[in-house]
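Structure data follow from query.csv (CSV, C-alpha atoms):
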```csv
chain,number,residue,atom,x,y,z
M,1437,MET,CA,-2.7,-6.8,15.8
M,1438,LYS,CA,-3.9,-7.1,12.2
M,1439,GLU,CA,-4.1,-4.6,9.4
M,1440,LYS,CA,-7.5,-3.0,9.0
M,1441,GLN,CA,-9.8,-5.3,7.0
M,1442,LEU,CA,-11.4,-4.3,3.7
M,1443,PRO,CA,-14.3,-1.9,4.0
M,1444,LYS,CA,-17.5,-3.6,4.9
M,1445,TYR,CA,-19.2,-2.5,1.7
M,1446,MET,CA,-16.5,-4.1,-0.4
M,1447,GLN,CA,-16.7,-7.3,1.6
M,1448,LEU,CA,-20.5,-7.4,1.0
M,1449,LYS,CA,-19.9,-6.5,-2.7
M,1450,GLN,CA,-17.6,-9.5,-3.1
M,1451,GLU,CA,-20.1,-11.8,-1.3
M,1452,ILE,CA,-23.0,-10.7,-3.6
M,1453,LEU,CA,-20.8,-11.1,-6.7
M,1454,SER,CA,-20.0,-14.6,-5.6
M,1455,TRP,CA,-23.7,-15.4,-5.4
M,1456,LEU,CA,-24.1,-14.1,-9.0
M,1457,HIS,CA,-21.1,-16.0,-10.3
M,1458,ALA,CA,-22.2,-19.3,-8.5
M,1459,GLY,CA,-25.7,-19.0,-10.0
M,1460,LYS,CA,-27.4,-18.6,-6.6
M,1461,LEU,CA,-29.2,-15.6,-8.0
M,1462,LYS,CA,-30.1,-15.5,-11.7
M,1463,ALA,CA,-31.1,-12.8,-14.2
M,1464,ASN,CA,-34.2,-10.9,-13.0
M,1465,ASP,CA,-34.3,-12.6,-9.6
M,1466,GLN,CA,-35.3,-10.2,-6.9
M,1467,MET,CA,-32.5,-9.4,-4.4
M,1468,PRO,CA,-33.1,-9.7,-0.6
M,1469,SER,CA,-34.2,-6.3,0.8
M,1470,GLU,CA,-31.6,-3.9,2.3
M,1471,ASN,CA,-33.1,-4.7,5.7
M,1472,GLU,CA,-32.7,-8.4,5.2
M,1473,ILE,CA,-29.1,-8.2,4.1
M,1474,ALA,CA,-28.2,-5.7,6.8
M,1475,GLU,CA,-29.6,-8.1,9.4
M,1476,GLN,CA,-27.9,-11.2,7.8
M,1477,PHE,CA,-24.4,-9.6,7.7
M,1478,GLN,CA,-24.8,-7.3,10.8
M,1479,MET,CA,-24.2,-4.2,8.7
M,1480,SER,CA,-25.9,-0.8,8.6
M,1481,ARG,CA,-28.5,-0.1,5.9
M,1482,GLN,CA,-26.3,2.7,4.7
M,1483,THR,CA,-23.5,0.1,4.0
M,1484,VAL,CA,-25.9,-2.1,2.1
M,1485,ARG,CA,-27.2,0.8,0.2
M,1486,GLN,CA,-23.7,1.8,-0.8
M,1487,THR,CA,-23.0,-1.7,-2.0
M,1488,PHE,CA,-26.2,-1.9,-4.0
M,1489,GLY,CA,-25.5,1.5,-5.5
M,1490,GLU,CA,-22.1,0.4,-6.8
M,1491,LEU,CA,-23.5,-2.9,-8.2
M,1492,GLU,CA,-26.3,-1.0,-10.0
M,1493,GLN,CA,-23.7,1.5,-11.4
M,1494,GLU,CA,-21.6,-1.4,-12.7
M,1495,GLY,CA,-24.6,-3.1,-14.3
M,1496,TRP,CA,-25.0,-6.1,-12.0
M,1497,LEU,CA,-28.3,-5.0,-10.5
M,1498,TYR,CA,-31.2,-2.8,-11.4
M,1499,ARG,CA,-33.9,-1.1,-9.3
M,1500,MET,CA,-37.6,-1.0,-9.9
M,1501,GLN,CA,-39.4,1.9,-8.2
M,1502,GLY,CA,-41.6,0.6,-5.4
M,1503,LYS,CA,-40.8,-3.0,-6.0
M,1504,GLY,CA,-37.1,-3.6,-5.1
M,1505,THR,CA,-33.8,-4.5,-6.6
M,1506,TYR,CA,-33.2,-7.2,-9.2
M,1507,VAL,CA,-30.3,-9.0,-10.9
M,1508,SER,CA,-29.6,-7.7,-14.4
M,1509,THR,CA,-29.6,-9.9,-17.4
M,1510,PRO,CA,-26.2,-10.7,-19.1
M,1511,HIS,CA,-27.3,-8.5,-22.0
M,1512,THR,CA,-27.9,-5.5,-19.7
M,1513,GLN,CA,-24.6,-6.1,-18.0
M,1514,LYS,CA,-22.8,-6.2,-21.3
M,1515,SER,CA,-24.4,-3.1,-22.5
M,1516,ARG,CA,-22.9,-1.2,-19.6
M,1517,ASP,CA,-19.5,-1.9,-21.2
M,1518,VAL,CA,-17.8,-2.1,-17.8
M,1519,GLN,CA,-14.9,-4.5,-18.0
M,1520,THR,CA,-13.9,-6.7,-15.1
M,1521,ILE,CA,-10.4,-7.3,-13.8
M,1522,GLY,CA,-9.8,-10.2,-11.4
M,1523,ILE,CA,-7.4,-10.0,-8.5
M,1524,LEU,CA,-6.2,-13.2,-7.0
M,1525,THR,CA,-4.1,-12.9,-3.8
M,1526,THR,CA,-3.0,-15.3,-1.1
M,1527,TYR,CA,-4.9,-13.4,1.5
M,1528,ILE,CA,-7.4,-10.5,1.5
M,1529,SER,CA,-8.1,-9.1,4.9
M,1530,ASP,CA,-4.8,-9.7,6.7
M,1531,TYR,CA,-1.5,-8.0,7.0
M,1532,ILE,CA,-0.4,-5.9,4.0
M,1533,PHE,CA,-3.0,-7.2,1.5
M,1534,PRO,CA,-5.8,-4.7,2.1
M,1535,HIS,CA,-3.5,-1.9,1.1
M,1536,ILE,CA,-2.6,-3.7,-2.1
M,1537,VAL,CA,-6.2,-4.3,-3.0
M,1538,ARG,CA,-7.3,-0.8,-2.1
M,1539,GLY,CA,-4.6,0.6,-4.4
M,1540,ALA,CA,-5.7,-1.6,-7.2
M,1541,GLU,CA,-9.4,-0.9,-6.7
M,1542,SER,CA,-8.9,2.8,-6.7
M,1543,ALA,CA,-7.0,2.7,-10.0
M,1544,LEU,CA,-9.5,0.4,-11.6
M,1545,ARG,CA,-12.4,2.5,-10.6
M,1546,ALA,CA,-10.7,5.6,-11.9
M,1547,ARG,CA,-10.4,4.1,-15.3
M,1548,GLY,CA,-13.9,2.6,-15.5
M,1549,TYR,CA,-13.1,-1.1,-14.6
M,1550,ARG,CA,-14.7,-3.2,-11.9
M,1551,LEU,CA,-13.0,-5.6,-9.5
M,1552,LEU,CA,-13.6,-9.3,-8.9
M,1553,LEU,CA,-11.6,-10.4,-5.9
M,1554,SER,CA,-10.6,-13.8,-4.6
M,1555,SER,CA,-8.0,-15.3,-2.3
M,1556,THR,CA,-6.3,-18.7,-2.1
M,1557,ASP,CA,-5.4,-18.7,1.6
M,1558,ASN,CA,-2.0,-19.7,0.3
M,1559,ASP,CA,-3.3,-23.1,-0.8
M,1560,LYS,CA,-2.6,-24.6,-4.2
M,1561,GLU,CA,-6.0,-26.3,-4.5
M,1562,LYS,CA,-7.8,-23.1,-3.6
M,1563,GLU,CA,-5.7,-21.3,-6.2
M,1564,LYS,CA,-7.0,-23.8,-8.8
M,1565,GLU,CA,-10.6,-23.2,-7.6
M,1566,SER,CA,-10.2,-19.5,-7.8
M,1567,LEU,CA,-8.7,-19.6,-11.3
M,1568,GLN,CA,-11.6,-21.8,-12.4
M,1569,MET,CA,-14.1,-19.3,-10.9
M,1570,MET,CA,-12.3,-16.3,-12.4
M,1571,MET,CA,-12.0,-17.8,-15.9
M,1572,SER,CA,-15.7,-18.7,-15.9
M,1573,GLN,CA,-16.4,-14.9,-16.0
M,1574,PRO,CA,-16.0,-12.5,-18.9
M,1575,LEU,CA,-12.7,-11.2,-17.6
M,1576,SER,CA,-10.6,-8.6,-19.3
M,1577,GLY,CA,-7.5,-9.4,-17.3
M,1578,LEU,CA,-6.0,-10.8,-14.1
M,1579,ILE,CA,-3.7,-9.7,-11.3
M,1580,ILE,CA,-2.3,-12.7,-9.6
M,1581,GLU,CA,-0.1,-13.3,-6.5
M,1582,PRO,CA,1.4,-16.8,-6.9
M,1583,THR,CA,0.6,-19.3,-4.1
M,1584,ARG,CA,3.6,-20.9,-2.5
M,1585,SER,CA,5.7,-19.9,-5.5
M,1586,ALA,CA,8.8,-21.9,-4.4
M,1587,GLU,CA,6.8,-25.1,-4.5
M,1588,GLY,CA,6.2,-25.3,-8.2
M,1589,ASN,CA,3.1,-24.5,-10.3
M,1590,PRO,CA,0.6,-27.4,-10.5
M,1591,ASN,CA,-1.9,-25.1,-12.0
M,1592,LEU,CA,0.2,-24.3,-15.0
M,1593,SER,CA,-2.6,-25.4,-17.4
M,1594,PHE,CA,-4.8,-22.5,-16.3
M,1595,TYR,CA,-2.0,-20.0,-17.0
M,1596,LEU,CA,-1.4,-21.5,-20.4
M,1597,SER,CA,-5.1,-21.2,-21.0
M,1598,LEU,CA,-4.9,-17.5,-20.2
M,1599,ASP,CA,-2.1,-17.2,-22.7
M,1600,TYR,CA,-4.1,-19.2,-25.3
M,1601,GLN,CA,-7.2,-17.0,-24.8
M,1602,HIS,CA,-5.1,-13.8,-25.0
M,1603,ILE,CA,-6.3,-12.7,-21.6
M,1604,PRO,CA,-3.6,-10.3,-20.2
M,1605,TYR,CA,-2.3,-11.0,-16.7
M,1606,LEU,CA,0.5,-10.1,-14.5
M,1607,MET,CA,1.9,-11.3,-11.1
M,1608,ILE,CA,2.6,-9.4,-8.0
M,1609,ASN,CA,5.1,-10.0,-5.1
M,1610,GLU,CA,6.6,-12.9,-7.1
M,1611,ARG,CA,6.3,-14.7,-10.4
M,1612,TYR,CA,6.3,-18.4,-11.2
M,1613,PRO,CA,9.7,-18.9,-12.8
M,1614,GLU,CA,8.4,-20.5,-16.0
M,1615,MET,CA,5.9,-17.8,-16.8
M,1616,ASN,CA,6.9,-15.0,-19.1
M,1617,CYS,CA,4.5,-12.4,-17.8
M,1618,PRO,CA,5.0,-8.9,-16.3
M,1619,SER,CA,5.6,-8.9,-12.6
M,1620,LEU,CA,5.7,-6.2,-9.9
M,1621,ILE,CA,8.0,-7.4,-7.2
M,1622,VAL,CA,10.2,-6.2,-4.3
M,1623,ASP,CA,13.9,-6.9,-4.6
M,1624,ASP,CA,13.7,-9.3,-1.7
M,1625,GLU,CA,17.3,-10.4,-1.9
M,1626,GLU,CA,18.4,-6.9,-1.5
M,1627,GLY,CA,16.1,-6.5,1.4
M,1628,GLY,CA,17.5,-9.6,3.1
M,1629,PHE,CA,21.0,-8.2,2.5
M,1630,LYS,CA,20.2,-4.8,3.9
M,1631,ALA,CA,18.7,-6.3,7.1
M,1632,ALA,CA,21.8,-8.4,7.8
M,1633,GLN,CA,24.2,-5.6,6.7
M,1634,HIS,CA,22.5,-3.2,9.2
M,1635,LEU,CA,23.1,-5.6,12.1
M,1636,ILE,CA,26.6,-6.5,11.1
M,1637,GLU,CA,27.5,-2.8,10.9
M,1638,LEU,CA,26.1,-2.4,14.4
M,1639,GLY,CA,28.6,-5.0,15.6
M,1640,HIS,CA,26.4,-8.1,15.7
M,1641,ARG,CA,28.2,-11.3,14.8
M,1642,ARG,CA,25.7,-14.0,15.9
M,1643,ILE,CA,22.6,-13.2,13.8
M,1644,ALA,CA,19.8,-15.7,13.5
M,1645,GLY,CA,17.6,-15.6,10.3
M,1646,PHE,CA,14.0,-16.8,10.1
M,1647,PHE,CA,12.6,-17.3,6.6
M,1648,LYS,CA,9.4,-18.8,5.2
M,1649,THR,CA,10.8,-20.7,2.2
M,1650,ASP,CA,7.7,-22.1,0.5
M,1651,ASP,CA,7.5,-18.8,-1.3
M,1652,LEU,CA,10.2,-17.2,-3.4
M,1653,GLN,CA,10.1,-14.0,-1.4
M,1654,GLY,CA,11.4,-15.9,1.6
M,1655,VAL,CA,13.9,-17.8,-0.5
M,1656,ASN,CA,15.3,-14.5,-1.9
M,1657,ARG,CA,15.4,-12.8,1.5
M,1658,LEU,CA,17.4,-15.8,2.8
M,1659,LYS,CA,19.7,-15.5,-0.2
M,1660,GLY,CA,20.4,-11.8,0.7
M,1661,PHE,CA,20.9,-12.7,4.3
M,1662,LEU,CA,23.6,-15.3,3.4
M,1663,ARG,CA,25.2,-12.9,0.9
M,1664,ALA,CA,25.7,-10.3,3.6
M,1665,HIS,CA,27.5,-12.7,5.8
M,1666,GLN,CA,29.7,-13.8,2.9
M,1667,GLN,CA,30.5,-10.3,1.8
M,1668,TYR,CA,31.5,-9.2,5.4
M,1669,GLN,CA,33.2,-12.6,6.0
M,1670,ILE,CA,31.0,-13.3,9.1
M,1671,PRO,CA,30.9,-17.1,9.9
M,1672,LEU,CA,27.3,-18.3,10.0
M,1673,LEU,CA,26.4,-21.4,12.1
M,1674,PRO,CA,23.9,-23.7,10.4
M,1675,GLU,CA,21.6,-23.6,13.5
M,1676,LEU,CA,21.2,-19.8,13.1
M,1677,VAL,CA,19.3,-20.2,9.9
M,1678,ILE,CA,15.6,-21.3,10.5
M,1679,HIS,CA,13.4,-22.0,7.6
M,1680,TYR,CA,9.8,-22.9,7.8
M,1681,THR,CA,6.6,-23.3,5.7
M,1682,THR,CA,3.3,-21.6,5.8
M,1683,ASP,CA,1.9,-24.5,7.7
M,1684,GLU,CA,4.7,-24.2,10.3
M,1685,LYS,CA,4.7,-20.5,10.8
M,1686,GLY,CA,2.5,-20.5,14.0
M,1687,GLN,CA,5.0,-22.7,16.0
M,1688,LYS,CA,8.3,-23.5,14.4
M,1689,PRO,CA,9.9,-20.0,14.3
M,1690,TYR,CA,8.7,-19.2,17.9
M,1691,GLU,CA,10.0,-22.5,19.3
M,1692,SER,CA,13.2,-22.2,17.4
M,1693,ALA,CA,13.8,-18.7,18.8
M,1694,ILE,CA,13.2,-19.9,22.4
M,1695,ASP,CA,15.7,-22.8,21.8
M,1696,LEU,CA,18.3,-20.5,20.4
M,1697,ILE,CA,18.0,-18.1,23.3
M,1698,THR,CA,17.9,-20.7,26.1
M,1699,GLN,CA,19.9,-23.7,24.8
M,1700,GLN,CA,22.9,-22.2,23.1
M,1701,ALA,CA,26.2,-21.6,24.8
M,1702,GLU,CA,26.3,-18.3,23.1
M,1703,ARG,CA,22.9,-17.0,22.2
M,1704,PRO,CA,22.3,-14.8,19.1
M,1705,THR,CA,22.3,-11.1,19.6
M,1706,ALA,CA,20.0,-10.3,16.7
M,1707,PHE,CA,17.1,-11.8,14.7
M,1708,VAL,CA,16.3,-11.1,11.0
M,1709,CYS,CA,12.7,-12.0,10.4
M,1710,TYR,CA,10.8,-12.9,7.3
M,1711,ASN,CA,8.3,-10.1,7.9
M,1712,ASP,CA,6.9,-7.8,10.5
M,1713,GLU,CA,4.2,-10.3,11.5
M,1714,LEU,CA,7.0,-12.8,12.5
M,1715,ALA,CA,9.1,-10.1,14.2
M,1716,ILE,CA,6.2,-9.3,16.5
M,1717,HIS,CA,5.8,-13.0,17.2
M,1718,LEU,CA,9.5,-13.4,18.1
M,1719,LEU,CA,9.4,-10.2,20.2
M,1720,GLU,CA,7.0,-12.1,22.4
M,1721,ALA,CA,9.4,-15.1,22.4
M,1722,VAL,CA,12.2,-12.9,23.6
M,1723,ARG,CA,10.1,-11.5,26.4
M,1724,THR,CA,9.0,-15.0,27.4
M,1725,THR,CA,12.6,-15.8,28.2
M,1726,GLY,CA,13.0,-12.8,30.4
M,1727,LEU,CA,15.1,-10.8,27.9
M,1728,GLN,CA,14.3,-7.5,26.2
M,1729,VAL,CA,14.4,-6.0,22.7
M,1730,PRO,CA,16.7,-4.4,21.8
M,1731,GLN,CA,18.8,-4.5,24.9
M,1732,ASP,CA,19.4,-8.3,24.6
M,1733,ILE,CA,18.2,-9.1,21.1
M,1734,SER,CA,17.9,-6.8,18.2
M,1735,LEU,CA,15.1,-7.4,15.7
M,1736,VAL,CA,14.6,-6.5,12.0
M,1737,GLY,CA,11.3,-7.1,10.2
M,1738,PHE,CA,10.2,-6.7,6.6
M,1739,ASP,CA,7.3,-4.9,4.9
M,1740,ASP,CA,7.0,-1.7,7.1
M,1741,SER,CA,3.4,-2.7,7.9
M,1742,SER,CA,1.3,-1.2,10.6
M,1743,LEU,CA,2.5,-4.0,12.9
M,1744,ALA,CA,5.9,-2.3,12.9
M,1745,LEU,CA,4.4,0.5,15.0
M,1746,ALA,CA,1.9,-1.6,16.9
M,1747,THR,CA,4.0,-2.3,20.1
M,1748,GLU,CA,6.0,-0.1,22.4
M,1749,VAL,CA,9.1,-1.2,20.6
M,1750,LYS,CA,8.9,0.2,17.1
M,1751,LEU,CA,10.4,-2.1,14.6
M,1752,THR,CA,13.4,-1.6,12.3
M,1753,THR,CA,12.1,-2.9,9.0
M,1754,LEU,CA,12.4,-2.9,5.2
M,1755,THR,CA,9.8,-1.1,3.1
M,1756,HIS,CA,7.2,-2.7,0.9
M,1757,PRO,CA,5.3,-0.5,-1.6
M,1758,LYS,CA,1.8,-2.0,-0.7
M,1759,THR,CA,-0.7,0.5,-2.0
M,1760,GLN,CA,1.6,1.8,-4.7
M,1761,LEU,CA,2.1,-1.8,-5.9
M,1762,GLY,CA,-1.6,-2.3,-6.2
M,1763,THR,CA,-2.1,1.0,-8.1
M,1764,ASP,CA,0.8,0.3,-10.4
M,1765,ALA,CA,-0.4,-3.3,-11.1
M,1766,ALA,CA,-3.9,-2.1,-12.0
M,1767,GLU,CA,-2.6,0.7,-14.3
M,1768,LEU,CA,-0.1,-1.6,-16.0
M,1769,LEU,CA,-2.7,-4.3,-16.6
M,1770,ILE,CA,-5.2,-1.8,-18.0
M,1771,ASP,CA,-2.6,-0.4,-20.4
M,1772,MET,CA,-1.9,-4.0,-21.5
M,1773,ILE,CA,-5.7,-4.6,-22.1
M,1774,GLU,CA,-5.9,-1.3,-24.0
M,1775,ASN,CA,-2.8,-2.2,-26.0
M,1776,LYS,CA,-0.8,0.7,-24.6
M,1777,ARG,CA,2.0,-1.5,-23.4
M,1778,ARG,CA,3.5,-4.8,-24.5
M,1779,ASN,CA,2.8,-7.9,-22.5
M,1780,GLY,CA,6.3,-9.3,-22.1
M,1781,SER,CA,8.1,-9.8,-18.8
M,1782,GLU,CA,10.2,-6.6,-19.4
M,1783,ALA,CA,7.0,-4.5,-18.8
M,1784,GLY,CA,7.1,-5.3,-15.0
M,1785,LYS,CA,8.7,-3.4,-12.2
M,1786,VAL,CA,11.1,-4.1,-9.3
M,1787,TYR,CA,10.9,-2.0,-6.1
M,1788,THR,CA,14.0,-1.5,-4.0
M,1789,PRO,CA,13.2,-1.8,-0.3
M,1790,GLU,CA,14.6,0.8,2.0
M,1791,LEU,CA,15.7,0.2,5.5
M,1792,ILE,CA,13.6,2.1,8.2
M,1793,ILE,CA,15.6,2.3,11.4
M,1794,ARG,CA,13.6,2.5,14.6
M,1795,GLU,CA,13.9,1.2,18.1
M,1796,SER,CA,14.4,-2.6,17.8
M,1797,THR,CA,18.1,-2.6,16.8
M,1798,ILE,CA,21.1,-1.2,18.7
M,1799,ARG,CA,24.8,-1.3,18.5
M,1800,VAL,CA,26.7,-4.0,20.4
M,1801,MET,CA,30.3,-4.1,21.5
M,1802,PRO,CA,32.4,-6.8,19.8
M,1803,SER,CA,33.0,-9.8,22.1
```
Can you present the structure in this file as structure tokens?
Amino acid sequence: MKEKQLPKYMQLKQEILSWLHAGKLKANDQMPSENEIAEQFQMSRQTVRQTFGELEQEGWLYRMQGKGTYVSTPHTQKSRDVQTIGILTTYISDYIFPHIVRGAESALRARGYRLLLSSTDNDKEKEKESLQMMMSQPLSGLIIEPTRSAEGNPNLSFYLSLDYQHIPYLMINERYPEMNCPSLIVDDEEGGFKAAQHLIELGHRRIAGFFKTDDLQGVNRLKGFLRAHQQYQIPLLPELVIHYTTDEKGQKPYESAIDLITQQAERPTAFVCYNDELAIHLLEAVRTTGLQVPQDISLVGFDDSSLALATEVKLTTLTHPKTQLGTDAAELLIDMIENKRRNGSEAGKVYTPELIIRESTIRVMPS
């Protein structure tokens, strides 16, 4: 089960903006009719009308009575004095990202800014393309989620260009280590520590950890997981730590979980998962082997997403601020643009994740 996608009007809005940015529609070109767009995108005319209304209000389009809707000239758009902020995330419509984007969009709109949205699909080359597209626009600032942040920053030149052009930007969820920009991040190491600590205090001694390590979130969650074992002096077998990349996430964790359950002399009694999406995936792996959560294997997720409540076994998980992070990021960036806050890294924010205990973890008796 996935998070609810962005509203249809916003999806359409981003599509039309992409046409304008790519030059498919030029100043004073007539837009397709509401009926044509409704049919093309399988949307209601009301949704199309809402999208057109917003684009008119923001100065991208203008309407001529009895003739139709047209693309505004750059001069007209500029005269509206509506500034644009770009948001570049790894994904848009999946998992926790719609909440982040909605929080940001709400704050931007409240303060008179419009949103230009793009995603990288967690691909470095697409990050480059998105940055090129964003920087070709008259942007006032950028909110960026780094792509595979643990694998370096081959697009450093674009970030240096932002600095050179004095375009304010900040990063969310993580920050490329070499960049001195504000960031709004979760204390992922503390989250990984709390997840393992919870299980250790329930008596678990064979805890397997599954972490996506091509981003720094996963690296830091793993670091916290290891620190908990060290602090409680719990031996950790190497085979109980599973690390994987974005490209491997569909198979490697699942297959590794099956192997741990079925091939080890002493199977793990608990799994700490990189996020809720993986926890649901591994819940199915446990069931495939004929075992149950939490009676045989306890599970801890991360992010407190809607997936945590999507199955009959409600997940114990760590919180992620989601909507609040999006709102805070937009408000901080606007303050930077309007010179109300300094642009240094100290202007950012760290959110402490809280453990939400539900049904997927139980106490075990020491063996």
Stretch 1474-1587 of chain M residues near stretch 1591-1599 of chain M within 10 Å, closest pair each, using only C-alpha atoms, as JSON lines:
```
{"residue": "M:Lys1560", "atom": "CA", "partner": "M:Asn1591", "partner_atom": "CA", "distance": 7.8}
{"residue": "M:Glu1561", "atom": "CA", "partner": "M:Asn1591", "partner_atom": "CA", "distance": 8.6}
{"residue": "M:Glu1563", "atom": "CA", "partner": "M:Asn1591", "partner_atom": "CA", "distance": 7.9}
{"residue": "M:Lys1564", "atom": "CA", "partner": "M:Asn1591", "partner_atom": "CA", "distance": 6.2}
{"residue": "M:Glu1565", "atom": "CA", "partner": "M:Asn1591", "partner_atom": "CA", "distance": 9.9}
{"residue": "M:Leu1567", "atom": "CA", "partner": "M:Phe1594", "partner_atom": "CA", "distance": 7.0}
{"residue": "M:Gln1568", "atom": "CA", "partner": "M:Phe1594", "partner_atom": "CA", "distance": 7.9}
{"residue": "M:Met1571", "atom": "CA", "partner": "M:Leu1598", "partner_atom": "CA", "distance": 8.3}
{"residue": "M:Gly1577", "atom": "CA", "partner": "M:Leu1598", "partner_atom": "CA", "distance": 9.0}
{"residue": "M:Leu1578", "atom": "CA", "partner": "M:Leu1598", "partner_atom": "CA", "distance": 9.1}
```
Report as a tab-separated table the residues of stretch 1544-1565 of chain M within 10 Å of stretch 1761-1769 of chain M, each with its shortest atom pair and distance in Å (one decimal), using all atoms listed in the file, ordered by chain and increasing residue number.
```
residue	atom	partner	partner_atom	distance
M:Leu1544	CA	M:Ala1766	CA	6.1
M:Arg1545	CA	M:Ala1766	CA	9.8
M:Ala1546	CA	M:Glu1767	CA	9.8
M:Arg1547	CA	M:Glu1767	CA	8.6
M:Tyr1549	CA	M:Ala1766	CA	9.6
```
- Compile the contact shell of stretch 1745-1752 of chain M as a list in words: residues with an atom at most 8 Å away, counting all atoms listed in the file, same-chain residues fewer than 5 positions apart removed.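 After dropping sequence-adjacent residues, the list is Met1437, Asp1712, Val1729, Leu1735, Val1736, Gly1737, Leu1791, Ile1792, Ile1793, Arg1794, Glu1795, Ser1796 and Thr1797 of chain M.
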- Would you mind listing what lies within 9 Å of M:Leu1662 as an NGL selection string, with all atoms listed in the file counted and same-chain residues fewer than 2 positions away left out? :M and (1628-1629 or 1632 or 1657-1660 or 1664-1667 or 1672)
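Of the residues under consideration (M:Asn1589, M:Gln1687, M:Thr1681, M:Asn1775), M:Asn1775 shows the shortest atom-to-atom contact distance to M:Ile1603 when counting all atoms listed in the file.
Minimum distance to M:Leu1524 across M:Met1500, M:Ile1580, M:Val1537, M:Leu1491 (counting all atoms listed in the file) occurs at M:Ile1580.
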- Near M:Val1507, within 12 Å and counting only C-alpha atoms, which residues show up once chain neighbours fewer than 3 positions away are dropped, as a PyMOL selection string? chain M and resi 1452-1453+1455-1457+1459-1468+1488+1491-1492+1494-1500+1504+1510-1513
- Query: Near M:Ile1733, counting all atoms listed in the file, which residues have an atom at most 12 Å away, once you skip same-chain residues fewer than 2 positions from it, shown as a PyMOL selection string?
  - Reply: chain M and resi 1635+1640+1642-1644+1693-1694+1696-1697+1703-1708+1715+1718-1723+1725-1731+1735-1736+1795-1800
